[in-house]
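As structure tokens, the structure follows; a few thoughts come after it.
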Amino acid sequence: MSQIVKPDFIQEYVSLKPHNSFRFDATARFYGQITHLYQLDLAVKWANANRVSICMLGEGSNLLLTGDLDALVLINNLKGIALSRSENFAELTVSAGESWHQVVTYAVDNSFAGIENLALIPGSAGAAPVQNIGAYGVEVKDTLARVQVFDRSSGELLWIDAKECGFAYRDSHFKGIWADKYFITAICLKLNLDCQVKVSYGGLAEGLPSQPSIKQVFDRVCEVRTAKLPDLKMIGNAGSFFKNPIVTNDEYQKIHQSYPDLVAFAFEGRWKLAAGWMIDKAGWKGVSQDGVGVYEKQALCLVNHSTDRADSLLKLEQDIKLDIKQKFGVVLEREPVQLGKVPLI
Ligand code: EPU
């Protein structure tokens, strides 16, 4: 170990069970909560000097922990929301450790439009750009102006324009080429002061007036999500476990011939297939095995009923992927980010 002294707030051998929404148990060799930016600077300098790798977590709601981490795990707990207004827009600068749903609630309470469809998505504001969270026809990239990052090698803070971040369906540079380069410390959202809401996503408009308010859309999204998705407080899960696969028109036509009731949406010249529909059709909905299962109301969501380790979930994932490949010829891709060694299953 180098001359740089380990900062006091860094602890050793800490369980990450409270820090991942699947509630799997794994131990962090080093662990620290970041509530001020100077702590991030201290922690990174110490880790870099001692060749300790670093993982930054928010609320761990898109995370699959498969084993202990021989690393420094930092929990991003940076808080604060700052507001600035122009004639047509409200800009919210939000620290990364704020809870995403609280940000949506703040925007809706102040009649700022653009993120009401993203209500009740678990996780922190800083995690939102990583997988470009999306629901009910809206993605965070639609309102994101820029992202503040901490450069892990230079220690600099810089703002990156949203256009530079490589956003795509459930994807960004933060998951790819920038995964080891930056930590997200804040985001800036540009929200509309006009009430322009989007309710074209299947079923969302049901029960709403023809020109719903931001609050009505928010309430409707909360209602639909609560009915379909498991409550994180009651049952471990990470939302959608698989991405909806995107296929060419030829591939789509082939599957459609065998399954005329296939649910799919035209997407940028190709087709996005409803993976939940395929898993459901293949008979997996509600299935439980070895303490884990497929949620009974949404087949895209895998749940942890009663286990501390991810092994049985990995087995279930493997079984589902194989079955979907055999039945539909489609390879499902996992959505949550995996950390930890891969156990032999
Ligand atoms: N479907 C079934 N059976 C199921 C699940 C879905 O037949 O068990 C059918 C539905 O009836 C519907 C279609 O599949 O016709 C799509 O279902 P849904 O509207 O529930 O959306 P999804 O494609 O399963 C995606 C996102 C969700 C997001 C919803 C709403 C991904 C990977 N998931 O799910 O995001 O909330 O749309 O926009 O794109 C998440 O990422 O964690 C997440 C929950």
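So you can find residues: chains in the structure tokens are A, B, ... in the order shown, residues in each start at 1, and ligands are numbered from 1 in order.
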>> Distance limit 6 Å, reference ligand 1, atoms considered: only C-alpha atoms and all ligand atoms. Which residues make the cut? Give them as a list in words.
In response: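 Written in the requested form, the residues are Ala135, Tyr136, Gly239, Ser240, Phe242, Lys243, Asn244, Val263, Ala274, Gly276, Trp277, Asp280, Lys297, Gln298, Ala299 and Leu300 of chain A.
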Write a file of the just-selected residues containing N, CA, C and O atoms, as a short mmCIF file (atom, residue, chain, number, x, y, z; two decimals), in the first residue's frame.
```cif
data_model
loop_
_atom_site.label_atom_id
_atom_site.label_comp_id
_atom_site.auth_asym_id
_atom_site.auth_seq_id
_atom_site.Cartn_x
_atom_site.Cartn_y
_atom_site.Cartn_z
N ALA A 135 -39.63 4.29 -20.37
CA ALA A 135 -40.92 3.63 -20.13
C ALA A 135 -42.03 4.44 -20.80
O ALA A 135 -41.92 5.66 -20.90
N TYR A 136 -43.03 3.75 -21.27
CA TYR A 136 -44.24 4.36 -21.82
C TYR A 136 -43.93 5.43 -22.87
O TYR A 136 -44.46 6.55 -22.85
N GLY A 239 -36.39 -4.98 -12.18
CA GLY A 239 -37.22 -4.55 -13.32
C GLY A 239 -37.09 -5.55 -14.45
O GLY A 239 -36.96 -6.76 -14.22
N SER A 240 -37.09 -5.06 -15.68
CA SER A 240 -36.95 -5.97 -16.83
C SER A 240 -35.60 -6.66 -16.76
O SER A 240 -34.57 -5.99 -16.66
N PHE A 242 -34.52 -8.77 -19.23
CA PHE A 242 -33.99 -8.85 -20.59
C PHE A 242 -34.39 -7.60 -21.36
O PHE A 242 -35.41 -6.98 -21.06
N LYS A 243 -33.58 -7.27 -22.36
CA LYS A 243 -33.97 -6.19 -23.27
C LYS A 243 -34.98 -6.75 -24.27
O LYS A 243 -34.98 -7.95 -24.53
N ASN A 244 -35.78 -5.88 -24.84
CA ASN A 244 -36.64 -6.31 -25.94
C ASN A 244 -35.76 -6.42 -27.19
O ASN A 244 -35.16 -5.42 -27.61
N VAL A 263 -46.24 -9.99 -30.32
CA VAL A 263 -46.33 -8.54 -30.05
C VAL A 263 -44.99 -7.90 -30.42
O VAL A 263 -43.93 -8.33 -29.93
N ALA A 274 -41.57 -7.90 -28.19
CA ALA A 274 -41.87 -7.88 -26.75
C ALA A 274 -41.35 -9.18 -26.14
O ALA A 274 -41.98 -10.24 -26.25
N GLY A 276 -41.21 -9.98 -23.09
CA GLY A 276 -42.13 -10.45 -22.05
C GLY A 276 -43.21 -11.34 -22.65
O GLY A 276 -43.60 -12.37 -22.08
N TRP A 277 -43.67 -10.95 -23.83
CA TRP A 277 -44.70 -11.75 -24.51
C TRP A 277 -44.13 -13.13 -24.88
O TRP A 277 -44.77 -14.16 -24.68
N ASP A 280 -43.66 -15.29 -21.81
CA ASP A 280 -45.02 -15.67 -21.37
C ASP A 280 -45.55 -16.79 -22.26
O ASP A 280 -45.96 -17.87 -21.80
N LYS A 297 -47.00 -11.53 -12.96
CA LYS A 297 -47.79 -10.54 -13.72
C LYS A 297 -47.00 -9.91 -14.85
O LYS A 297 -47.54 -9.09 -15.59
N GLN A 298 -45.69 -10.19 -14.96
CA GLN A 298 -44.85 -9.58 -16.01
C GLN A 298 -43.68 -10.52 -16.25
O GLN A 298 -42.73 -10.57 -15.45
N ALA A 299 -43.73 -11.24 -17.35
CA ALA A 299 -42.74 -12.30 -17.57
C ALA A 299 -41.33 -11.79 -17.86
O ALA A 299 -40.37 -12.55 -17.84
N LEU A 300 -41.20 -10.47 -18.11
CA LEU A 300 -39.86 -9.92 -18.38
C LEU A 300 -39.09 -9.68 -17.09
O LEU A 300 -37.91 -9.35 -17.11
#
```
> Could you pull the residues within 7 Å of Gly58 in chain A, counting only C-alpha atoms, minus those fewer than 2 positions along the same chain, as a list in words?
Replying inline: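 Counting only C-alpha atoms, the residues come to Met56, Gly60, Ile75, Asn76, Gly97, Gly123, Ser124 and Ala127 of chain A.
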>> I need the residues in range 93-221 of chain A that are alpha helix (DSSP H) according to DSSP; give them as a PyMOL selection string.
In response: chain A and resi 100-109+214-221
> When distances are computed from only C-alpha atoms, which of A:Asn304, A:Gln216, A:Thr105, A:Asn62 shows the smallest separation from Pro230 in chain A?
Replying inline: A:Asn304
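The space separating CA of Gln211 in chain A from CA of Val197 in chain A comes to 8.4 Å.
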Write out as a PDB file with N, CA, C and O atoms, in the first residue's frame the residues lying within 10 Å of Ile81 in chain A, counting only C-alpha atoms and excluding same-chain residues fewer than 4 positions away.
```
ATOM      1  N   LEU A  92     -33.324  21.487 -14.404  1.00  0.00           N
ATOM      2  CA  LEU A  92     -33.086  20.905 -13.084  1.00  0.00           C
ATOM      3  C   LEU A  92     -31.700  20.309 -13.067  1.00  0.00           C
ATOM      4  O   LEU A  92     -31.408  19.412 -13.863  1.00  0.00           O
ATOM      5  N   THR A  93     -30.860  20.790 -12.187  1.00  0.00           N
ATOM      6  CA  THR A  93     -29.543  20.178 -12.005  1.00  0.00           C
ATOM      7  C   THR A  93     -29.637  19.308 -10.754  1.00  0.00           C
ATOM      8  O   THR A  93     -29.921  19.802  -9.663  1.00  0.00           O
ATOM      9  N   VAL A  94     -29.471  18.014 -10.967  1.00  0.00           N
ATOM     10  CA  VAL A  94     -29.781  17.043  -9.919  1.00  0.00           C
ATOM     11  C   VAL A  94     -28.524  16.251  -9.572  1.00  0.00           C
ATOM     12  O   VAL A  94     -27.886  15.656 -10.459  1.00  0.00           O
ATOM     13  N   SER A  95     -28.169  16.216  -8.293  1.00  0.00           N
ATOM     14  CA  SER A  95     -27.014  15.413  -7.874  1.00  0.00           C
ATOM     15  C   SER A  95     -27.328  13.929  -8.059  1.00  0.00           C
ATOM     16  O   SER A  95     -28.482  13.488  -7.886  1.00  0.00           O
ATOM     17  N   ALA A  96     -26.284  13.165  -8.383  1.00  0.00           N
ATOM     18  CA  ALA A  96     -26.482  11.784  -8.837  1.00  0.00           C
ATOM     19  C   ALA A  96     -27.145  10.876  -7.811  1.00  0.00           C
ATOM     20  O   ALA A  96     -27.810   9.911  -8.163  1.00  0.00           O
ATOM     21  N   GLU A  98     -29.593  11.526  -5.789  1.00  0.00           N
ATOM     22  CA  GLU A  98     -31.036  11.729  -5.560  1.00  0.00           C
ATOM     23  C   GLU A  98     -31.807  10.538  -6.125  1.00  0.00           C
ATOM     24  O   GLU A  98     -31.423   9.971  -7.139  1.00  0.00           O
ATOM     25  N   VAL A 103     -37.202  12.917  -8.084  1.00  0.00           N
ATOM     26  CA  VAL A 103     -36.974  13.966  -9.094  1.00  0.00           C
ATOM     27  C   VAL A 103     -38.221  14.108  -9.966  1.00  0.00           C
ATOM     28  O   VAL A 103     -38.683  15.217 -10.257  1.00  0.00           O
ATOM     29  N   TYR A 106     -40.893  15.843  -7.976  1.00  0.00           N
ATOM     30  CA  TYR A 106     -40.592  17.282  -7.880  1.00  0.00           C
ATOM     31  C   TYR A 106     -41.020  17.991  -9.176  1.00  0.00           C
ATOM     32  O   TYR A 106     -41.656  19.050  -9.151  1.00  0.00           O
ATOM     33  N   ALA A 186     -23.705  14.318 -11.458  1.00  0.00           N
ATOM     34  CA  ALA A 186     -24.960  15.092 -11.538  1.00  0.00           C
ATOM     35  C   ALA A 186     -25.512  14.989 -12.952  1.00  0.00           C
ATOM     36  O   ALA A 186     -24.786  14.626 -13.887  1.00  0.00           O
ATOM     37  N   ILE A 187     -26.795  15.288 -13.077  1.00  0.00           N
ATOM     38  CA  ILE A 187     -27.388  15.358 -14.415  1.00  0.00           C
ATOM     39  C   ILE A 187     -28.162  16.669 -14.515  1.00  0.00           C
ATOM     40  O   ILE A 187     -28.574  17.228 -13.499  1.00  0.00           O
ATOM     41  N   CYS A 188     -28.329  17.160 -15.736  1.00  0.00           N
ATOM     42  CA  CYS A 188     -29.135  18.368 -15.931  1.00  0.00           C
ATOM     43  C   CYS A 188     -30.259  18.045 -16.910  1.00  0.00           C
ATOM     44  O   CYS A 188     -30.005  17.618 -18.042  1.00  0.00           O
TER      45      CYS A 188
END
```
> Which residue, A:Lys79, A:Arg146, A:Lys272, A:Lys17, has the smallest gap to Leu64 in chain A when you use only C-alpha atoms?
Replying inline: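 Closest candidate: A:Lys17.
The closest residue to Gly293 in chain A, picked from A:Phe30, A:Phe22, A:Trp46, A:Phe267 and counting only C-alpha atoms, is A:Phe22.
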> Using only C-alpha atoms, which residue out of A:Val294, A:Asp180, A:Ser86, A:Gly137 lies closest to Asn237 in chain A?
Replying inline: A:Val294
>> Considering only C-alpha atoms, can you say which of A:Gln253, A:Ser61, A:Thr35, A:Ser153 comes closest to Lys233 in chain A?
In response: A:Ser61
> Among range 191-342 of chain A, which ones does DSSP place in strand (DSSP E or B), written as a PyMOL selection string?
Replying inline: chain A and resi 191-192+236-240+242+246-247+264-267+270-273+288-289+292-294+301-304+334+337-339
> In terms of the shortest atom-to-atom distance over only C-alpha atoms, which of A:Glu333, A:Glu156, A:Glu317, A:Glu116 is closest to Ser213 in chain A?
Replying inline: A:Glu116
> Any idea what's packed within 8 Å of Ala119 in chain A, counting only C-alpha atoms, ignoring anything in its chain fewer than 4 positions away? Could you give it as number ranges by chain?
Replying inline: A: 101, 104-105, 115, 218, 221-222
> Near Ala310 in chain A, within 12 Å and counting only C-alpha atoms, which residues show up once chain neighbours fewer than 4 positions away are dropped, as a ChimeraX atom specification?
Replying inline: /A:17,20,22-26,63-68,236-237,290-293,302-306,314-317,338-345
Can those selected residues be exported to a file as an mmCIF file, in the first residue's frame so that it contains N, CA and C atoms?
```
data_model
loop_
_atom_site.group_PDB
_atom_site.id
_atom_site.type_symbol
_atom_site.label_atom_id
_atom_site.label_comp_id
_atom_site.auth_asym_id
_atom_site.auth_seq_id
_atom_site.Cartn_x
_atom_site.Cartn_y
_atom_site.Cartn_z
ATOM 1 N N LYS A 17 -25.759 -6.545 0.483
ATOM 2 C CA LYS A 17 -27.161 -6.984 0.385
ATOM 3 C C LYS A 17 -28.145 -5.794 0.401
ATOM 4 N N ASN A 20 -28.416 -3.773 -3.325
ATOM 5 C CA ASN A 20 -28.862 -4.246 -4.644
ATOM 6 C C ASN A 20 -30.297 -4.736 -4.503
ATOM 7 N N PHE A 22 -32.031 -6.900 -6.026
ATOM 8 C CA PHE A 22 -32.285 -8.346 -6.021
ATOM 9 C C PHE A 22 -32.104 -8.934 -4.617
ATOM 10 N N ARG A 23 -31.410 -8.140 -3.752
ATOM 11 C CA ARG A 23 -31.107 -8.574 -2.369
ATOM 12 C C ARG A 23 -30.221 -9.825 -2.331
ATOM 13 N N PHE A 24 -29.270 -9.894 -3.282
ATOM 14 C CA PHE A 24 -28.262 -10.941 -3.199
ATOM 15 C C PHE A 24 -27.158 -10.479 -2.255
ATOM 16 N N ASP A 25 -26.514 -11.459 -1.614
ATOM 17 C CA ASP A 25 -25.472 -11.105 -0.666
ATOM 18 C C ASP A 25 -24.111 -11.256 -1.334
ATOM 19 N N ALA A 26 -23.270 -10.259 -1.140
ATOM 20 C CA ALA A 26 -21.896 -10.306 -1.640
ATOM 21 C C ALA A 26 -21.147 -9.292 -0.793
ATOM 22 N N LEU A 63 -28.785 -4.059 -11.105
ATOM 23 C CA LEU A 63 -27.522 -4.701 -10.788
ATOM 24 C C LEU A 63 -27.730 -6.178 -10.491
ATOM 25 N N LEU A 64 -26.833 -7.001 -11.040
ATOM 26 C CA LEU A 64 -26.837 -8.426 -10.729
ATOM 27 C C LEU A 64 -25.501 -8.747 -10.069
ATOM 28 N N LEU A 65 -25.539 -8.980 -8.757
ATOM 29 C CA LEU A 65 -24.322 -9.240 -7.990
ATOM 30 C C LEU A 65 -24.097 -10.745 -7.935
ATOM 31 N N THR A 66 -23.030 -11.207 -8.567
ATOM 32 C CA THR A 66 -22.839 -12.659 -8.650
ATOM 33 C C THR A 66 -21.724 -13.167 -7.743
ATOM 34 N N GLY A 67 -21.123 -12.280 -6.955
ATOM 35 C CA GLY A 67 -20.067 -12.743 -6.042
ATOM 36 C C GLY A 67 -19.412 -11.574 -5.343
ATOM 37 N N ASP A 68 -18.494 -11.893 -4.435
ATOM 38 C CA ASP A 68 -17.805 -10.847 -3.677
ATOM 39 C C ASP A 68 -16.997 -9.957 -4.618
ATOM 40 N N GLY A 236 -37.387 -9.179 -4.205
ATOM 41 C CA GLY A 236 -36.182 -8.742 -4.910
ATOM 42 C C GLY A 236 -36.330 -8.856 -6.421
ATOM 43 N N ASN A 237 -35.934 -7.823 -7.148
ATOM 44 C CA ASN A 237 -35.966 -7.859 -8.618
ATOM 45 C C ASN A 237 -35.196 -6.651 -9.160
ATOM 46 N N ASP A 290 -35.779 -23.107 -7.342
ATOM 47 C CA ASP A 290 -34.629 -22.856 -6.452
ATOM 48 C C ASP A 290 -34.595 -21.435 -5.880
ATOM 49 N N GLY A 291 -35.740 -20.969 -5.408
ATOM 50 C CA GLY A 291 -35.769 -19.684 -4.707
ATOM 51 C C GLY A 291 -35.906 -18.453 -5.586
ATOM 52 N N VAL A 292 -35.909 -18.667 -6.915
ATOM 53 C CA VAL A 292 -36.086 -17.519 -7.822
ATOM 54 C C VAL A 292 -37.228 -17.834 -8.785
ATOM 55 N N GLY A 293 -37.637 -16.846 -9.580
ATOM 56 C CA GLY A 293 -38.732 -17.148 -10.485
ATOM 57 C C GLY A 293 -38.982 -16.055 -11.508
ATOM 58 N N LEU A 302 -37.608 -11.033 -13.658
ATOM 59 C CA LEU A 302 -37.221 -12.187 -12.836
ATOM 60 C C LEU A 302 -37.138 -11.722 -11.384
ATOM 61 N N VAL A 303 -37.505 -12.612 -10.466
ATOM 62 C CA VAL A 303 -37.591 -12.201 -9.058
ATOM 63 C C VAL A 303 -36.810 -13.165 -8.163
ATOM 64 N N ASN A 304 -36.377 -12.622 -7.034
ATOM 65 C CA ASN A 304 -35.700 -13.435 -6.020
ATOM 66 C C ASN A 304 -36.674 -13.658 -4.871
ATOM 67 N N HIS A 305 -37.161 -14.889 -4.730
ATOM 68 C CA HIS A 305 -38.110 -15.176 -3.648
ATOM 69 C C HIS A 305 -37.384 -15.338 -2.325
ATOM 70 N N SER A 306 -36.244 -16.062 -2.342
ATOM 71 C CA SER A 306 -35.716 -16.473 -1.039
ATOM 72 C C SER A 306 -34.247 -16.870 -1.018
ATOM 73 N N LEU A 314 -29.029 -17.206 -12.299
ATOM 74 C CA LEU A 314 -28.253 -17.399 -13.531
ATOM 75 C C LEU A 314 -28.703 -18.665 -14.260
ATOM 76 N N LYS A 315 -29.055 -19.696 -13.485
ATOM 77 C CA LYS A 315 -29.539 -20.942 -14.087
ATOM 78 C C LYS A 315 -30.888 -20.692 -14.774
ATOM 79 N N LEU A 316 -31.769 -19.969 -14.080
ATOM 80 C CA LEU A 316 -33.080 -19.659 -14.667
ATOM 81 C C LEU A 316 -32.906 -18.838 -15.949
ATOM 82 N N GLU A 317 -32.010 -17.874 -15.901
ATOM 83 C CA GLU A 317 -31.735 -17.050 -17.092
ATOM 84 C C GLU A 317 -31.291 -17.931 -18.258
ATOM 85 N N GLN A 338 -23.851 -6.826 -14.557
ATOM 86 C CA GLN A 338 -23.341 -7.855 -13.641
ATOM 87 C C GLN A 338 -22.038 -7.409 -12.985
ATOM 88 N N LEU A 339 -21.931 -7.618 -11.681
ATOM 89 C CA LEU A 339 -20.672 -7.385 -10.965
ATOM 90 C C LEU A 339 -20.358 -8.604 -10.123
ATOM 91 N N GLY A 340 -19.091 -8.978 -10.079
ATOM 92 C CA GLY A 340 -18.703 -10.143 -9.280
ATOM 93 C C GLY A 340 -18.300 -11.275 -10.194
ATOM 94 N N LYS A 341 -17.650 -12.263 -9.592
ATOM 95 C CA LYS A 341 -17.194 -13.403 -10.392
ATOM 96 C C LYS A 341 -18.404 -14.195 -10.881
ATOM 97 N N VAL A 342 -18.225 -14.903 -11.993
ATOM 98 C CA VAL A 342 -19.319 -15.722 -12.510
ATOM 99 C C VAL A 342 -19.229 -17.095 -11.867
ATOM 100 N N PRO A 343 -20.222 -17.486 -11.055
ATOM 101 C CA PRO A 343 -20.156 -18.813 -10.447
ATOM 102 C C PRO A 343 -20.408 -19.886 -11.492
ATOM 103 N N LEU A 344 -19.928 -21.102 -11.226
ATOM 104 C CA LEU A 344 -20.217 -22.212 -12.135
ATOM 105 C C LEU A 344 -21.625 -22.701 -11.835
ATOM 106 N N ILE A 345 -22.492 -22.708 -12.833
ATOM 107 C CA ILE A 345 -23.874 -23.124 -12.552
ATOM 108 C C ILE A 345 -24.192 -24.432 -13.274
#
```
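The list of residues with at least one atom within 10 Å of Phe112 in chain A, based on only C-alpha atoms and without residues fewer than 4 positions apart in the same chain, reads A:Phe89, A:Ala90, A:Glu91, A:Leu92, A:Val104, A:Thr105, A:Tyr106, A:Ala107, A:Val108, A:Glu116, A:Lys190, A:Leu191, A:Asn192, A:Leu193, A:Asp194, A:Cys195, A:Gln196, A:Ile214, A:Lys215.
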> What's the 12 Å shell around Lys321 in chain A, counting only C-alpha atoms, without same-chain residues fewer than 6 positions away, as a list of chain:residue names?
Replying inline: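 My reading of the contact set: A:Phe241, A:Phe242, A:Lys243, A:Pro245, A:Ala275, A:Met278, A:Ile279, A:Ala282, A:Trp284, A:Leu300, A:Leu314, A:Lys315, A:Lys327, A:Phe328, A:Gly329, A:Val330, A:Val331, A:Leu332, A:Glu333, A:Arg334.
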> What does the distance from CA of Thr27 in chain A to CA of Ser53 in chain A come to in Å, to one decimal?
Replying inline: 14.5 Å
